[in-house]
Structures are given as structure tokens and as C-alpha cells.
file run.txt (compact mmCIF, C-alpha atoms and all ligand atoms)
# COMPACT_ATOMS: atom_id res chain seq x y z
CA MET A 27 57.43 26.80 36.67
CA LYS A 28 55.38 29.71 38.00
CA ARG A 29 52.31 30.27 35.83
CA ARG A 30 51.34 33.73 34.62
CA MET A 31 48.45 33.97 32.24
CA LYS A 32 47.21 37.17 30.65
CA LEU A 33 43.87 36.57 28.95
CA VAL A 34 41.60 38.85 26.96
CA PHE A 35 37.93 38.03 26.27
CA ILE A 36 36.37 39.87 23.36
CA GLY A 37 33.05 39.58 21.55
CA PRO A 38 29.76 41.40 21.11
CA PRO A 39 27.73 42.66 24.06
CA GLY A 40 25.75 39.84 25.63
CA VAL A 41 27.75 37.00 24.09
CA GLY A 42 28.57 35.84 27.62
CA LYS A 43 32.10 37.19 28.24
CA GLY A 44 31.34 38.03 31.88
CA THR A 45 29.68 34.67 32.50
CA TYR A 46 32.64 32.67 31.11
CA ALA A 47 35.18 34.97 32.80
CA GLN A 48 33.62 34.31 36.22
CA ALA A 49 34.07 30.55 35.65
CA VAL A 50 37.65 30.89 34.36
CA SER A 51 38.56 33.17 37.25
CA GLN A 52 37.41 30.52 39.74
CA ARG A 53 39.13 27.68 37.90
CA PHE A 54 42.55 29.37 37.47
CA GLN A 55 42.45 31.75 40.43
CA ILE A 56 43.16 34.89 38.46
CA PRO A 57 41.10 38.10 38.72
CA HIS A 58 38.25 38.88 36.33
CA ILE A 59 38.59 42.51 35.33
CA SER A 60 35.62 43.98 33.50
CA THR A 61 35.95 47.60 32.42
CA GLY A 62 32.14 47.80 32.29
CA ASP A 63 31.90 46.62 35.94
CA ILE A 64 34.56 49.12 37.03
CA PHE A 65 32.71 51.99 35.36
CA ARG A 66 29.29 50.92 36.70
CA GLU A 67 30.76 50.75 40.22
CA GLU A 68 32.21 54.27 39.89
CA VAL A 69 28.85 55.60 38.65
CA LYS A 70 27.17 53.99 41.67
CA ARG A 71 29.71 55.59 44.03
CA GLY A 72 29.22 58.98 42.36
CA SER A 73 33.01 59.44 42.03
CA GLU A 74 34.61 61.92 39.65
CA LEU A 75 35.36 59.07 37.21
CA GLY A 76 31.76 57.87 37.56
CA ARG A 77 30.43 61.31 36.66
CA LYS A 78 32.72 61.42 33.61
CA VAL A 79 31.64 58.03 32.21
CA GLN A 80 27.92 57.94 33.11
CA TYR A 81 26.84 59.70 29.91
CA TYR A 82 28.56 57.10 27.71
CA LEU A 83 27.41 54.05 29.68
CA GLU A 84 23.74 54.97 29.68
CA ARG A 85 23.75 55.45 25.90
CA GLY A 86 25.88 52.38 25.04
CA LEU A 87 28.67 54.62 23.68
CA LEU A 88 32.37 53.98 24.13
CA VAL A 89 34.16 55.77 26.94
CA PRO A 90 37.11 57.77 25.46
CA ASP A 91 40.27 55.70 25.00
CA GLU A 92 42.48 57.84 27.25
CA ILE A 93 40.15 57.33 30.24
CA VAL A 94 39.78 53.56 29.72
CA VAL A 95 43.50 52.96 29.17
CA GLU A 96 44.43 54.78 32.40
CA VAL A 97 41.83 52.82 34.38
CA VAL A 98 43.09 49.47 33.02
CA LYS A 99 46.74 50.34 33.55
CA ALA A 100 46.05 51.26 37.18
CA ARG A 101 44.00 48.11 37.79
CA LEU A 102 46.62 45.77 36.25
CA SER A 103 49.33 47.25 38.45
CA GLN A 104 47.57 45.92 41.56
CA ASP A 105 49.02 42.99 43.46
CA ASP A 106 46.33 40.45 42.60
CA CYS A 107 47.32 40.63 38.90
CA ARG A 108 50.84 39.28 39.48
CA ARG A 109 49.80 35.78 38.34
CA GLY A 110 47.74 37.10 35.47
CA PHE A 111 44.24 38.33 34.74
CA ILE A 112 41.20 38.05 32.49
CA LEU A 113 40.34 41.31 30.76
CA ASP A 114 36.66 41.37 29.81
CA GLY A 115 35.51 44.22 27.55
CA PHE A 116 38.97 45.67 26.93
CA PRO A 117 40.36 46.37 24.36
CA ARG A 118 37.42 47.67 22.33
CA THR A 119 39.28 49.90 19.87
CA LEU A 120 42.52 49.47 17.95
CA ALA A 121 44.09 52.29 19.99
CA GLN A 122 43.27 50.37 23.21
CA ALA A 123 44.73 47.13 21.76
CA GLU A 124 47.94 48.94 20.82
CA ALA A 125 48.17 50.56 24.27
CA LEU A 126 47.69 47.20 26.00
CA GLU A 127 50.44 45.65 23.88
CA GLY A 128 52.73 48.31 25.35
CA PHE A 129 52.06 47.72 29.08
CA ALA A 130 50.65 44.15 29.40
CA PRO A 131 50.66 42.18 26.12
CA PRO A 132 48.07 39.40 26.36
CA ASP A 133 49.10 35.75 25.92
CA LEU A 134 45.79 34.56 24.55
CA VAL A 135 42.72 36.36 23.16
CA LEU A 136 39.41 34.48 23.12
CA ASN A 137 36.95 35.84 20.59
CA PHE A 138 33.36 34.76 21.38
CA VAL A 139 30.81 34.73 18.57
CA ALA A 140 27.04 34.13 18.56
CA ASP A 141 24.05 34.91 16.33
CA ASP A 142 22.41 38.34 16.75
CA SER A 143 19.07 36.80 17.73
CA VAL A 144 20.80 34.86 20.54
CA ILE A 145 22.55 38.01 21.77
CA VAL A 146 19.40 40.12 21.87
CA GLU A 147 17.55 37.43 23.82
CA ARG A 148 20.43 37.14 26.31
CA LEU A 149 20.62 40.89 26.91
CA SER A 150 16.87 41.36 27.27
CA GLY A 151 16.66 38.63 29.92
CA ARG A 152 19.82 39.56 31.84
CA ARG A 153 19.59 40.46 35.53
CA VAL A 154 22.59 41.49 37.62
CA CYS A 155 23.10 41.65 41.36
CA SER A 156 22.97 45.24 42.59
CA LYS A 157 25.64 44.44 45.19
CA CYS A 158 28.13 41.76 44.03
CA GLY A 159 27.58 41.97 40.24
CA ALA A 160 26.76 38.26 39.76
CA ILE A 161 25.08 37.65 36.38
CA TYR A 162 21.75 35.83 35.87
CA HIS A 163 19.23 35.31 33.08
CA VAL A 164 15.50 35.03 33.70
CA LYS A 165 15.28 31.97 31.44
CA TYR A 166 18.78 30.49 31.04
CA MET A 167 20.36 31.15 34.44
CA PRO A 168 17.57 32.01 36.84
CA PRO A 169 18.37 32.64 40.50
CA ARG A 170 16.94 30.21 43.08
CA PHE A 171 14.49 32.90 44.30
CA PRO A 172 13.23 35.33 41.62
CA GLY A 173 14.76 38.79 41.89
CA THR A 174 17.31 37.82 44.57
CA CYS A 175 21.03 37.05 44.24
CA ASP A 176 21.97 33.45 45.16
CA LYS A 177 25.41 34.58 46.34
CA CYS A 178 24.67 37.58 48.57
CA GLY A 179 20.88 37.93 48.81
CA ALA A 180 20.80 41.47 47.34
CA PRO A 181 18.12 42.48 44.80
CA LEU A 182 18.71 41.81 41.09
CA VAL A 183 18.36 44.72 38.65
CA VAL A 184 18.19 45.34 34.89
CA ARG A 185 21.22 47.21 33.53
CA LYS A 186 20.35 50.63 32.09
CA ASP A 187 22.08 49.72 28.82
CA ASP A 188 19.97 46.58 28.37
CA ARG A 189 17.02 48.62 27.03
CA PRO A 190 16.18 47.59 23.41
CA GLU A 191 17.23 50.92 21.81
CA VAL A 192 20.58 50.90 23.67
CA ILE A 193 21.20 47.24 22.79
CA ALA A 194 20.87 48.16 19.10
CA GLU A 195 23.36 51.02 19.53
CA ARG A 196 25.87 48.76 21.32
CA LEU A 197 25.68 46.06 18.65
CA ALA A 198 26.15 48.65 15.87
CA LEU A 199 29.19 50.11 17.64
CA TYR A 200 30.65 46.65 18.12
CA ARG A 201 30.40 45.91 14.39
CA GLU A 202 32.10 49.22 13.57
CA GLN A 203 35.02 48.77 15.97
CA PHE A 204 35.82 45.10 16.07
CA SER A 205 37.19 43.80 12.78
CA PRO A 206 40.51 45.71 13.09
CA ILE A 207 41.00 44.30 16.61
CA ILE A 208 40.34 40.78 15.41
CA SER A 209 42.86 41.18 12.56
CA TYR A 210 45.36 42.76 14.98
CA TYR A 211 45.37 39.68 17.24
CA GLU A 212 45.13 37.23 14.33
CA ARG A 213 48.33 38.67 12.87
CA ARG A 214 50.05 38.12 16.19
CA GLY A 215 48.85 34.50 16.39
CA LYS A 216 47.02 35.16 19.69
CA LEU A 217 43.39 34.77 18.63
CA VAL A 218 41.15 31.75 19.20
CA THR A 219 37.48 32.02 18.18
CA ILE A 220 34.87 30.16 20.22
CA SER A 221 31.22 29.67 19.24
CA ALA A 222 28.98 30.74 22.11
CA ASN A 223 25.58 29.90 20.63
CA ALA A 224 25.13 26.97 23.02
CA GLN A 225 24.05 27.25 26.65
CA ALA A 226 26.66 28.37 29.20
CA PRO A 227 27.19 24.89 30.76
CA GLU A 228 28.29 23.70 27.31
CA VAL A 229 30.40 26.74 26.42
CA ILE A 230 32.32 26.98 29.71
CA PRO A 231 34.11 23.56 29.37
CA VAL A 232 35.18 24.53 25.82
CA VAL A 233 36.67 27.77 27.19
CA ILE A 234 38.48 25.95 30.01
CA SER A 235 39.88 23.24 27.71
CA THR A 236 41.07 25.89 25.21
CA ILE A 237 43.01 27.62 27.99
CA GLU A 238 44.37 24.31 29.30
CA ARG A 239 45.59 23.38 25.81
CA PHE A 240 47.34 26.71 25.58
CA LEU A 241 49.00 26.22 28.99
CA ARG A 242 50.08 22.68 28.10
CA GLY A 243 51.65 24.04 24.90
CA ARG A 244 53.74 26.36 27.07
CA GLY A 245 54.61 23.58 29.53
CA GLN A 246 52.65 25.31 32.29
CA LEU A 247 50.13 22.59 33.04
P1 LIG B 1 30.42 46.01 29.34
O1 LIG B 1 29.93 45.84 30.71
O2 LIG B 1 31.77 45.49 28.98
O3 LIG B 1 29.31 45.46 28.35
P2 LIG B 1 29.43 44.59 27.03
O4 LIG B 1 30.75 44.34 26.40
O5 LIG B 1 28.43 45.26 26.16
O6 LIG B 1 29.17 43.19 27.48
P3 LIG B 1 28.07 42.71 28.42
O7 LIG B 1 28.49 42.84 29.84
O8 LIG B 1 26.76 43.35 28.03
O9 LIG B 1 27.92 41.21 27.96
P4 LIG B 1 28.75 39.90 28.27
O10 LIG B 1 29.34 39.40 26.97
O11 LIG B 1 29.70 40.05 29.41
O12 LIG B 1 27.54 38.94 28.63
P5 LIG B 1 27.07 38.32 30.03
O13 LIG B 1 28.06 37.32 30.52
O14 LIG B 1 26.61 39.38 30.98
O15 LIG B 1 30.43 47.57 28.93
C1 LIG B 1 29.38 48.43 29.27
C2 LIG B 1 29.72 49.85 28.82
O16 LIG B 1 30.92 50.31 29.47
C3 LIG B 1 30.02 50.03 27.32
O17 LIG B 1 28.83 50.18 26.56
C4 LIG B 1 30.86 51.32 27.35
O18 LIG B 1 30.05 52.46 27.55
C5 LIG B 1 31.71 51.13 28.60
N1 LIG B 1 32.98 50.43 28.33
C6 LIG B 1 33.37 49.23 28.89
N2 LIG B 1 34.57 48.88 28.43
C7 LIG B 1 34.96 49.85 27.57
C8 LIG B 1 36.11 50.02 26.76
N3 LIG B 1 37.11 49.13 26.75
N4 LIG B 1 36.19 51.13 25.98
C9 LIG B 1 35.20 52.05 25.98
N5 LIG B 1 34.08 51.93 26.72
C10 LIG B 1 33.96 50.85 27.51
O19 LIG B 1 25.80 37.50 29.48
C11 LIG B 1 24.65 38.14 28.98
C12 LIG B 1 23.38 37.39 29.45
O20 LIG B 1 23.31 36.13 28.80
C13 LIG B 1 23.33 37.09 30.94
O21 LIG B 1 22.02 37.21 31.37
C14 LIG B 1 23.82 35.63 31.07
O22 LIG B 1 23.23 35.00 32.18
C15 LIG B 1 23.34 35.06 29.76
N6 LIG B 1 24.25 34.08 29.16
C16 LIG B 1 25.60 34.20 29.02
N7 LIG B 1 26.11 33.16 28.34
C17 LIG B 1 25.06 32.38 28.02
C18 LIG B 1 24.92 31.17 27.28
N8 LIG B 1 25.98 30.58 26.72
N9 LIG B 1 23.68 30.65 27.14
C19 LIG B 1 22.58 31.28 27.66
N10 LIG B 1 22.65 32.43 28.36
C20 LIG B 1 23.86 32.97 28.54
call {"tool": "encode", "arguments": {"input": "run.txt", "output": "C-alpha cells"}}
result
Amino acid sequence: MKRRMKLVFIGPPGVGKGTYAQAVSQRFQIPHISTGDIFREEVKRGSELGRKVQYYLERGLLVPDEIVVEVVKARLSQDDCRRGFILDGFPRTLAQAEALEGFAPPDLVLNFVADDSVIVERLSGRRVCSKCGAIYHVKYMPPRFPGTCDKCGAPLVVRKDDRPEVIAERLALYREQFSPIISYYERRGKLVTISANAQAPEVIPVVISTIERFLRGRGQL
């Protein structure tokens, strides 16, 4: 049977969604689609979309639903999503979840949770590659050579929204928006919650085995 797997990763900023999604993408050969990465790339290119979303990104505010939904719809219609995808950072509002249900209903939604103190420490130490977007942490996932990406050699940078005052804004927004999304997917029997307090090398195998169990249940593994 041909496998098609539509995954959604949700959870607070800095819980590690991008880190786990990179590992799952490699393991199952499906694209990792991060709305945050798409927007940051557009800002870097100075495109019309980039100019529209820059204000929100720099302040940790949500980009309006109609913009995000159109971007996701267009991205999921590309060829590489035929066998599935991992959506990281979408949906973030109930309106986005309802829209997604209409054009690409997810099979499985992984909800990552961690303590606030863990999250703040992760975000304050995060470094990202200015070219390929690979994610590092000064303490937990340091690159081989400080300040340089292991994968492509480009310089590592601090994201503009990883400043302490913006982190606080992002966490507050998350708390406001998320409980209806969690109930929405719980009601549909699609939600699995995973504790992400442990280090990434311990969390990643739990994520992979959860997905494998799901696939086995559908006779796809
Ligand atoms: P986005 O890029 O999606 O940011 P986010 O959801 O706030 O999530 P992050 O990327 O900050 O965290 P993550 O959970 O992926 O953690 P990571 O793996 O990097 O969105 C940015 C902005 O775009 C939003 O504020 C908004 O403006 C806009 N936007 C995006 N989507 C939108 C939408 N749908 N609607 C409206 N607006 C939208 O890990 C964090 C750090 O911890 C790293 O340094 C990593 O190395 C480290 N780490 C990860 N896991 C572990 C672990 N288990 N142990 C130790 N360290 C770890």
C-alpha cells in the first residue's frame, strides 16, 4: 500500500517542533513545512509577502489567518507533498485548524509540551543557520565550530523574535490561542501529547515510535 502521512506538530514556541520535524522528515522522507521558516525566508528576500508579514514576525504577533492559510494551501499543492508532509507551526488559531480540515485534513497531530523554564532557556540559547535554517543551541546542540553551520558552513544568527521581551509575548499568545485547537483535535481523535522536557536525543525516538505505531495501526508499516 502506498503510504501518505499528513502530520501536524503543535506546541509552544521553543518546545522543539522544528528540531523533531527535521528528524521525522529525514526518517520518513516527507517535507518539513514550517510557516515561520517560509515567512522568514520571504522577509529575507524582501518580497511583497515578506513586507506584509515582517511587522508581525518581529513582534511575535500572529500573521493574519487569511495570509497564512493561502501560503499553506499553495505550499501543500506542490509535488513534494504527494506522499504527505509535516506542518510545523500551523494551525495556530481555530480558524486555521478549520481551514486545514477543509483542504488537507491531518492524520495525526502531535502536541509537544514542556515547562516554561525549559522553553525560555531553549529560545534564549537558540542559533539558526542564516542560509539553510538548521537549528542549534549553544548548550544543548552546539555546532562543531562556534557560530558556523555544520551542514553548509554559513554563519549562525539569533532570531529577532528570540529577544526576551518578544519571547514573553509569544508565550502569552500561545496560551491564549491554543486550548481550542487542542480540544478541536482531541474531539476528532487525532491528538497525541508528547512530553518534550527531556533532551532532543531522548525525545526524537519517542516521536518516531509514536508515528510508527500510528502507521502500523493503519497497516502502512
Ligand atoms: P515559528 O517559526 O513557527 O516559531 P514558533 O512556533 O514560535 O516556534 P519556534 O520555531 O520558536 O520553536 P520550535 O518549537 O520549532 O523550537 P526549535 O526546534 O527551534 O513562527 C515564528 C513567527 O511566524 C510567529 O511568531 C508568527 O509571527 C509567524 N507565524 C508562523 N506560523 C504562523 C501561523 N500559523 N499563524 C500566524 N502566524 C504565524 O527549538 C528551540 C531551541 O531548543 C533550539 O535551539 C533547539 O536546538 C533546542 N532544542 C529543541 N529541542 C530540544 C530538546 N528536547 N532539548 C534541548 N534543546 C532542544
call {"tool": "closest_atom_pairs", "arguments": {"input": "run.txt", "of": "chain A", "to": "ligand LIG 1 (chain B)", "cutoff": "6 Å", "atoms": "only C-alpha atoms and all ligand atoms", "output": "JSON lines"}}
result
{"residue": "A:Pro39", "atom": "CA", "partner": "B:LIG1", "partner_atom": "O5", "distance": 3.4}
{"residue": "A:Gly40", "atom": "CA", "partner": "B:LIG1", "partner_atom": "O9", "distance": 3.5}
{"residue": "A:Val41", "atom": "CA", "partner": "B:LIG1", "partner_atom": "O10", "distance": 4.1}
{"residue": "A:Gly42", "atom": "CA", "partner": "B:LIG1", "partner_atom": "O13", "distance": 3.3}
{"residue": "A:Lys43", "atom": "CA", "partner": "B:LIG1", "partner_atom": "O10", "distance": 3.8}
{"residue": "A:Gly44", "atom": "CA", "partner": "B:LIG1", "partner_atom": "O11", "distance": 3.6}
{"residue": "A:Thr45", "atom": "CA", "partner": "B:LIG1", "partner_atom": "O13", "distance": 3.7}
{"residue": "A:Thr61", "atom": "CA", "partner": "B:LIG1", "partner_atom": "N2", "distance": 4.4}
{"residue": "A:Gly62", "atom": "CA", "partner": "B:LIG1", "partner_atom": "O1", "distance": 3.3}
{"residue": "A:Asp63", "atom": "CA", "partner": "B:LIG1", "partner_atom": "O1", "distance": 5.6}
{"residue": "A:Tyr82", "atom": "CA", "partner": "B:LIG1", "partner_atom": "O18", "distance": 4.9}
{"residue": "A:Leu83", "atom": "CA", "partner": "B:LIG1", "partner_atom": "O18", "distance": 3.7}
{"residue": "A:Gly86", "atom": "CA", "partner": "B:LIG1", "partner_atom": "O17", "distance": 4.0}
{"residue": "A:Leu87", "atom": "CA", "partner": "B:LIG1", "partner_atom": "O18", "distance": 4.6}
{"residue": "A:Leu88", "atom": "CA", "partner": "B:LIG1", "partner_atom": "N5", "distance": 3.7}
{"residue": "A:Val89", "atom": "CA", "partner": "B:LIG1", "partner_atom": "N5", "distance": 3.8}
{"residue": "A:Val94", "atom": "CA", "partner": "B:LIG1", "partner_atom": "N4", "distance": 5.7}
{"residue": "A:Gly115", "atom": "CA", "partner": "B:LIG1", "partner_atom": "O2", "distance": 4.2}
{"residue": "A:Phe116", "atom": "CA", "partner": "B:LIG1", "partner_atom": "N3", "distance": 3.9}
{"residue": "A:Pro117", "atom": "CA", "partner": "B:LIG1", "partner_atom": "N3", "distance": 4.9}
{"residue": "A:Arg118", "atom": "CA", "partner": "B:LIG1", "partner_atom": "N3", "distance": 4.7}
{"residue": "A:Arg148", "atom": "CA", "partner": "B:LIG1", "partner_atom": "O20", "distance": 3.9}
{"residue": "A:Leu149", "atom": "CA", "partner": "B:LIG1", "partner_atom": "C12", "distance": 5.1}
{"residue": "A:Gly151", "atom": "CA", "partner": "B:LIG1", "partner_atom": "O21", "distance": 5.7}
{"residue": "A:Arg152", "atom": "CA", "partner": "B:LIG1", "partner_atom": "O21", "distance": 3.3}
{"residue": "A:Arg153", "atom": "CA", "partner": "B:LIG1", "partner_atom": "O21", "distance": 5.8}
{"residue": "A:Ile161", "atom": "CA", "partner": "B:LIG1", "partner_atom": "O22", "distance": 5.3}
{"residue": "A:Tyr162", "atom": "CA", "partner": "B:LIG1", "partner_atom": "O22", "distance": 4.1}
{"residue": "A:His163", "atom": "CA", "partner": "B:LIG1", "partner_atom": "O21", "distance": 3.8}
{"residue": "A:Tyr166", "atom": "CA", "partner": "B:LIG1", "partner_atom": "N10", "distance": 5.1}
{"residue": "A:Met167", "atom": "CA", "partner": "B:LIG1", "partner_atom": "O22", "distance": 5.3}
{"residue": "A:Ala222", "atom": "CA", "partner": "B:LIG1", "partner_atom": "N8", "distance": 5.5}
{"residue": "A:Ala224", "atom": "CA", "partner": "B:LIG1", "partner_atom": "N8", "distance": 5.2}
{"residue": "A:Gln225", "atom": "CA", "partner": "B:LIG1", "partner_atom": "N9", "distance": 3.5}
{"residue": "A:Ala226", "atom": "CA", "partner": "B:LIG1", "partner_atom": "N8", "distance": 3.4}
{"residue": "A:Val229", "atom": "CA", "partner": "B:LIG1", "partner_atom": "N8", "distance": 5.9}
call {"tool": "residues_around", "arguments": {"input": "run.txt", "residues": "segment 125-130 of chain A", "least_positions_apart": "6", "cutoff": "10 Å", "atoms": "all atoms listed in the file", "output": "number ranges by chain"}}
result
A: 32, 91-92, 95-96, 98-99, 102-103, 110, 116-117, 119
call {"tool": "write_last_selection", "arguments": {"input": "run.txt", "atoms": "C-alpha atoms", "output": "short mmCIF file (atom, residue, chain, number, x, y, z; two decimals), in the frame of the given file"}}
result
data_model
loop_
_atom_site.label_atom_id
_atom_site.label_comp_id
_atom_site.auth_asym_id
_atom_site.auth_seq_id
_atom_site.Cartn_x
_atom_site.Cartn_y
_atom_site.Cartn_z
CA LYS A 32 47.21 37.17 30.65
CA ASP A 91 40.27 55.70 25.00
CA GLU A 92 42.48 57.84 27.25
CA VAL A 95 43.50 52.96 29.17
CA GLU A 96 44.43 54.78 32.40
CA VAL A 98 43.09 49.47 33.02
CA LYS A 99 46.74 50.34 33.55
CA LEU A 102 46.62 45.77 36.25
CA SER A 103 49.33 47.25 38.45
CA GLY A 110 47.74 37.10 35.47
CA PHE A 116 38.97 45.67 26.93
CA PRO A 117 40.36 46.37 24.36
CA THR A 119 39.28 49.90 19.87
#
call {"tool": "residues_around", "arguments": {"input": "run.txt", "residues": "Val79 of chain A", "least_positions_apart": "2", "cutoff": "9 Å", "atoms": "all atoms listed in the file", "output": "list in words"}}
result
Phe65, Arg66, Glu68, Val69, Glu74, Leu75, Gly76, Arg77, Tyr81, Tyr82, Leu83, Glu84, Val89, Pro90 and Ile93 of chain A
call {"tool": "closest_residue", "arguments": {"input": "run.txt", "among": "A:Val135, A:Lys157, A:Cys107, A:Phe54", "to": "Arg71 of chain A", "atoms": "only C-alpha atoms"}}
result
A:Lys157
call {"tool": "residues_near_point", "arguments": {"input": "run.txt", "point": "(17.4, 50.9, 37.5)", "cutoff": "12 Å", "atoms": "only C-alpha atoms", "output": "PyMOL selection string"}}
result
chain A and resi 66+70+84+153-156+181-189
call {"tool": "write_last_selection", "arguments": {"input": "run.txt", "atoms": "C-alpha atoms", "output": "PDB file, in the frame of the given file"}}
result
ATOM      1  CA  ARG A  66      29.290  50.920  36.700  1.00  0.00           C
ATOM      2  CA  LYS A  70      27.170  53.990  41.670  1.00  0.00           C
ATOM      3  CA  GLU A  84      23.740  54.970  29.680  1.00  0.00           C
ATOM      4  CA  ARG A 153      19.590  40.460  35.530  1.00  0.00           C
ATOM      5  CA  VAL A 154      22.590  41.490  37.620  1.00  0.00           C
ATOM      6  CA  CYS A 155      23.100  41.650  41.360  1.00  0.00           C
ATOM      7  CA  SER A 156      22.970  45.240  42.590  1.00  0.00           C
ATOM      8  CA  PRO A 181      18.120  42.480  44.800  1.00  0.00           C
ATOM      9  CA  LEU A 182      18.710  41.810  41.090  1.00  0.00           C
ATOM     10  CA  VAL A 183      18.360  44.720  38.650  1.00  0.00           C
ATOM     11  CA  VAL A 184      18.190  45.340  34.890  1.00  0.00           C
ATOM     12  CA  ARG A 185      21.220  47.210  33.530  1.00  0.00           C
ATOM     13  CA  LYS A 186      20.350  50.630  32.090  1.00  0.00           C
ATOM     14  CA  ASP A 187      22.080  49.720  28.820  1.00  0.00           C
ATOM     15  CA  ASP A 188      19.970  46.580  28.370  1.00  0.00           C
ATOM     16  CA  ARG A 189      17.020  48.620  27.030  1.00  0.00           C
TER      17      ARG A 189
END
call {"tool": "atom_distance", "arguments": {"input": "run.txt", "atom1": "atom CA of Arg242 of chain A", "atom2": "atom CA of Pro38 of chain A"}}
result
28.5 Å
call {"tool": "closest_residue", "arguments": {"input": "run.txt", "among": "A:Cys175, A:Ala47, A:Val139, A:Leu120", "to": "Ile230 of chain A", "atoms": "only C-alpha atoms"}}
result
A:Ala47
call {"tool": "atom_distance", "arguments": {"input": "run.txt", "atom1": "atom CA of Pro169 of chain A", "atom2": "atom CA of Ser150 of chain A"}}
result
15.9 Å
call {"tool": "closest_residue", "arguments": {"input": "run.txt", "among": "A:Leu33, A:Ile208, A:Ala49, A:Val218", "to": "Ala160 of chain A", "atoms": "only C-alpha atoms"}}
result
A:Ala49
call {"tool": "atom_distance", "arguments": {"input": "run.txt", "atom1": "atom CA of Lys165 of chain A", "atom2": "atom CA of Glu147 of chain A"}}
result
9.6 Å
call {"tool": "closest_residue", "arguments": {"input": "run.txt", "among": "A:Ile56, A:Leu197, A:Ala180, A:Leu217", "to": "Asp141 of chain A", "atoms": "all atoms listed in the file"}}
result
A:Leu197
call {"tool": "closest_residue", "arguments": {"input": "run.txt", "among": "A:Pro132, A:Arg30, A:Arg101, A:Ser143", "to": "Ala194 of chain A", "atoms": "all atoms listed in the file"}}
result
A:Ser143
call {"tool": "residues_around", "arguments": {"input": "run.txt", "residues": "Thr219 of chain A", "least_positions_apart": "2", "cutoff": "6 Å", "atoms": "only C-alpha atoms", "output": "mmCIF file with C-alpha atoms, keeping the file's coordinate frame"}}
result
data_model
loop_
_atom_site.group_PDB
_atom_site.id
_atom_site.type_symbol
_atom_site.label_atom_id
_atom_site.label_comp_id
_atom_site.auth_asym_id
_atom_site.auth_seq_id
_atom_site.Cartn_x
_atom_site.Cartn_y
_atom_site.Cartn_z
ATOM 1 C CA LEU A 136 39.410 34.480 23.120
ATOM 2 C CA ASN A 137 36.950 35.840 20.590
ATOM 3 C CA PHE A 138 33.360 34.760 21.380
#
call {"tool": "closest_residue", "arguments": {"input": "run.txt", "among": "A:Ala121, A:Leu199, A:Ala100, A:Ile220", "to": "Ala140 of chain A", "atoms": "all atoms listed in the file"}}
result
A:Ile220
call {"tool": "axis_aligned_box", "arguments": {"input": "run.txt", "around": "segment 60-71 of chain A", "padding_each_side": "4 Å", "output": "JSON"}}
result
{"center_x": 31.6, "center_y": 49.8, "center_z": 38.2, "size_x": 16.8, "size_y": 19.6, "size_z": 19.7}
